[in-house]
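Colleague: Sharing a structure, written as structure tokens. Questions coming.
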Amino acid sequence: MSEWVEMHQPCPCGSSSDAYCINDRGFGKCFSCGKNFREGEAVDIEEQEPRVHKKKKKRPLIDGEYKPLLKRKISEETCRFFRYEVGEFKGKACHIANYFDEKRRKVAQKIRLPGKDFTITGDMNEAGLFGEQLWKPGGKRLVITEGELDAMSYAEATDCKWPVVSVRNGAQGAPKCIQRRLEFVESFEEVVFMFDQDEPGQEAATKCAELLSPGKAKIASLPLKDANEMLVERKVRELINSVYQAKDFRPDGIIQGADITVEELITEPVVGYSCKYPDLNEKLRGIRKAELTLFTAGSGIGKSTIVREIGYEFSTTHRLSIANVFLEESYKKTAQGYIAIHNNVPLGEIRRNPHCLSPEQWAAGKAATVDRMFFYNHFGSLECDNLIGKLNYFAVGLGCDFILLDHISMVVSGLESDKGERKDIDILMTNLRSLIERTGVGVIAIVHLKRPDGKRKSFNEGGRISLQDLRGSASLEQLSDNIIAIERDQQGEGGDPDLSYPRVLKNREWGDLGPAGCNRYHRDTGRLLPEVNTAEEDFGDADVPWEEDTPDI
């Protein structure tokens, strides 16, 4: 096993002034940037010459004497207690930190030379923590520091009465060191990590604390860099108090209920924005930001039409900022669709004959809708990360309130991923959910259906839709907040082909499921609007002035 013979040197990469170490084989490693070097040049560790395992001759232990460390403000008594000596190594003055095994036999030494250089004598593999031999397992509290001098500094401040030890190799090797001596460390009721206050020290303290049983670890905070600096600056009382004031370690994201204030819980009301479909509003209590709402239906039933109608309503009535990501049509067609809605003209008509609208109507429709929106100029599939990056810009960079995504299956359809469509949709949905939680943007997306088996009625002929019919992945059901299916018989056999029936399949906030009214597609205007009479007859009181009384819930 290689030993670090020259430590705490400036890194050749320039990222650190004292994190570079050279081992006895001539290879160097920077414990800040993580790069490996050979004679000052960066090398790939995979390209290093194969190691020839030779039984290395251990350097013999050396003798020193106990003296006070005046610059460090550490007394001779404390040095004697910890068996920390001052001596000479190869003609240079040095400090000698003695290490012991489980039987309290001296087995290794860390030799500290001028300029923060270190070398090892004996066999450090057999050694425990620095100072471990002084304390019986099973005490009330153990303090662990990043270095030997810090451990002795805390002991100096407490008259060597409270258990304190140090890891052997500083912050970089601390987790492995704690893991090796985990039985001893775990035997104490409470463990306080008093590491250096720089980023590597605090990161190492967190990694070490994660190794212990829940509730056992604490991390101390110091106003100065480390325990010895506290001692030198005569901040003894603050050093001692830092142990009692150390915060309980909790992994990221875990909050104790007592730490949540009432003010945090009494927040502003969550706004649910109404659309022009009263029965849908009644069940959902409006569509909210920071939620994922999915619309699904068979091919050609009107998914994109209803989503565009909702986008138009949100933009013109609620003055919300809308981003449009319609992957099956050009951004020009999407913009034309909003102008068509505004002028009550079918989209197909203004595309067939743009002059059916006067220049003034085009301009007014554009000013009322398109000018206040954002559009994504892209057609077809695209990488998940690329899409999430664009959506993040819509939400954060442009401050959009809602993003309309048509459709989820299109994102992954042409990727030919070796993971398969289901896994690709899982990844997309997880990232989409994370984006929504992080930014608070509302996403209204379209998702396709699987083909029904031969025993079931076709979705294009009015077949009943369930959650299991969503195409691609169970994550569509699990990670969404609301799912609305649109059922319609396109052929109109036994009914009106222009009528469609929304059905709420998932409603995370309120749990109100089932039929949500009836809508009619008006061929003369191209609008999809609630069919009040049919809704009353089939599904109850649909003309309740919900939107007028409570436009925003």
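By convention here, the chains of the structure tokens are called A, B, ... in the order presented, each chain's residues are numbered starting at 1, and ligands are numbered starting at 1 in the order presented.
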If we count only C-alpha atoms, what is near Glu203 of chain A at a cut-off of 9 Å, once residues fewer than 5 positions away on the same chain are taken out, given as a list in words?
Modeller: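 Here the answer would be Ala171, Asp198 and Cys208 of chain A.
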Colleague: Please, which residues in segment 229-314 of chain A fall within 12 Å of segment 61-83 of chain A when counting only C-alpha atoms, and what is the closest atom pair and distance in Å to one decimal for each, ordered by chain then residue number, as a Markdown table?
Modeller:
```
| residue | atom | partner | partner_atom | distance |
| --- | --- | --- | --- | --- |
| A:Glu229 | CA | A:Arg72 | CA | 8.1 |
| A:Met230 | CA | A:Arg72 | CA | 10.1 |
| A:Leu231 | CA | A:Lys73 | CA | 6.8 |
| A:Val232 | CA | A:Lys73 | CA | 5.8 |
| A:Glu233 | CA | A:Lys73 | CA | 9.3 |
| A:Arg234 | CA | A:Lys73 | CA | 9.0 |
| A:Lys235 | CA | A:Lys73 | CA | 11.8 |
| A:Val236 | CA | A:Lys73 | CA | 11.2 |
```
Colleague: Taking only segment 309-402 of chain A into account, list the residues labelled strand (DSSP E or B) by DSSP (computed from the backbone), as a list in words.
Modeller: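 These are the residues in question: Ile322, Ala323, Asn324, Val325, Phe326, Phe374, Phe375 and Phe402 of chain A.
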Colleague: Excluding same-chain residues fewer than 3 positions from Ala151 of chain A, what lies within 6 Å of it counting only C-alpha atoms, as a compact mmCIF listing (two decimals) with all heavy atoms, in the first residue's frame?
Modeller:
```
# COMPACT_ATOMS: atom_id res chain seq x y z
N THR A 145 -12.37 15.64 15.66
CA THR A 145 -11.83 16.77 14.91
C THR A 145 -11.16 16.30 13.63
O THR A 145 -10.98 15.10 13.41
CB THR A 145 -10.83 17.57 15.76
OG1 THR A 145 -9.68 16.75 16.01
CG2 THR A 145 -11.45 17.99 17.10
N GLU A 148 -4.91 16.32 14.55
CA GLU A 148 -4.43 16.02 15.90
C GLU A 148 -4.34 17.28 16.76
O GLU A 148 -4.72 17.27 17.94
CB GLU A 148 -3.06 15.36 15.82
CG GLU A 148 -3.04 14.00 15.14
CD GLU A 148 -2.84 14.08 13.63
OE1 GLU A 148 -2.83 15.22 13.09
OE2 GLU A 148 -2.68 13.02 13.00
N TYR A 154 -9.06 21.15 21.81
CA TYR A 154 -10.30 21.00 22.56
C TYR A 154 -10.03 20.38 23.93
O TYR A 154 -10.61 20.79 24.94
CB TYR A 154 -11.30 20.14 21.78
CG TYR A 154 -12.59 19.91 22.53
CD1 TYR A 154 -13.53 20.93 22.66
CD2 TYR A 154 -12.85 18.69 23.15
CE1 TYR A 154 -14.71 20.72 23.37
CE2 TYR A 154 -14.01 18.48 23.86
CZ TYR A 154 -14.94 19.51 23.97
OH TYR A 154 -16.10 19.31 24.69
N VAL A 164 -12.17 13.17 23.16
CA VAL A 164 -11.98 13.83 21.88
C VAL A 164 -10.92 13.06 21.11
O VAL A 164 -9.91 12.63 21.67
CB VAL A 164 -11.57 15.32 22.05
CG1 VAL A 164 -10.32 15.45 22.90
CG2 VAL A 164 -11.41 15.98 20.70
N VAL A 165 -11.16 12.83 19.83
CA VAL A 165 -10.22 12.12 18.96
C VAL A 165 -10.13 12.87 17.64
O VAL A 165 -10.88 13.81 17.38
CB VAL A 165 -10.68 10.66 18.69
CG1 VAL A 165 -10.70 9.85 19.98
CG2 VAL A 165 -12.06 10.65 18.03
N SER A 166 -9.22 12.42 16.79
CA SER A 166 -9.06 13.03 15.48
C SER A 166 -8.98 11.94 14.43
O SER A 166 -8.46 10.85 14.68
CB SER A 166 -7.79 13.89 15.44
OG SER A 166 -7.46 14.24 14.10
```
Colleague: If you measure from atom CA of Val443 of chain A to atom CA of Asn392 of chain A, what distance in Å do you get, rounded to one decimal?
Modeller: 11.5 Å
Colleague: What is the distance, in Å and to one decimal place, between atom CA of Ser315 of chain A and atom CA of Thr369 of chain A?
Modeller: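 So the two atoms, atom CA of Ser315 of chain A and atom CA of Thr369 of chain A, lie 6.8 Å apart.
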Colleague: Based on the backbone DSSP call, show me all residues of segment 335-399 of chain A assigned helix (DSSP H, G or I), as a PyMOL selection string.
Modeller: chain A and resi 335-342+347-352+354-356+359-368+370-372+384-397
Colleague: Hey, can you check how far atom CA of Phe188 of chain A sits from atom CA of Gly201 of chain A?
Modeller: 22.1 Å
Colleague: So which one's closest to Tyr277 of chain A, A:Phe118, A:Tyr501, A:Trp510, A:Trp135? Using only C-alpha atoms, please.
Modeller: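 Once distances to Tyr277 of chain A are computed over only C-alpha atoms, the minimum belongs to A:Tyr501.
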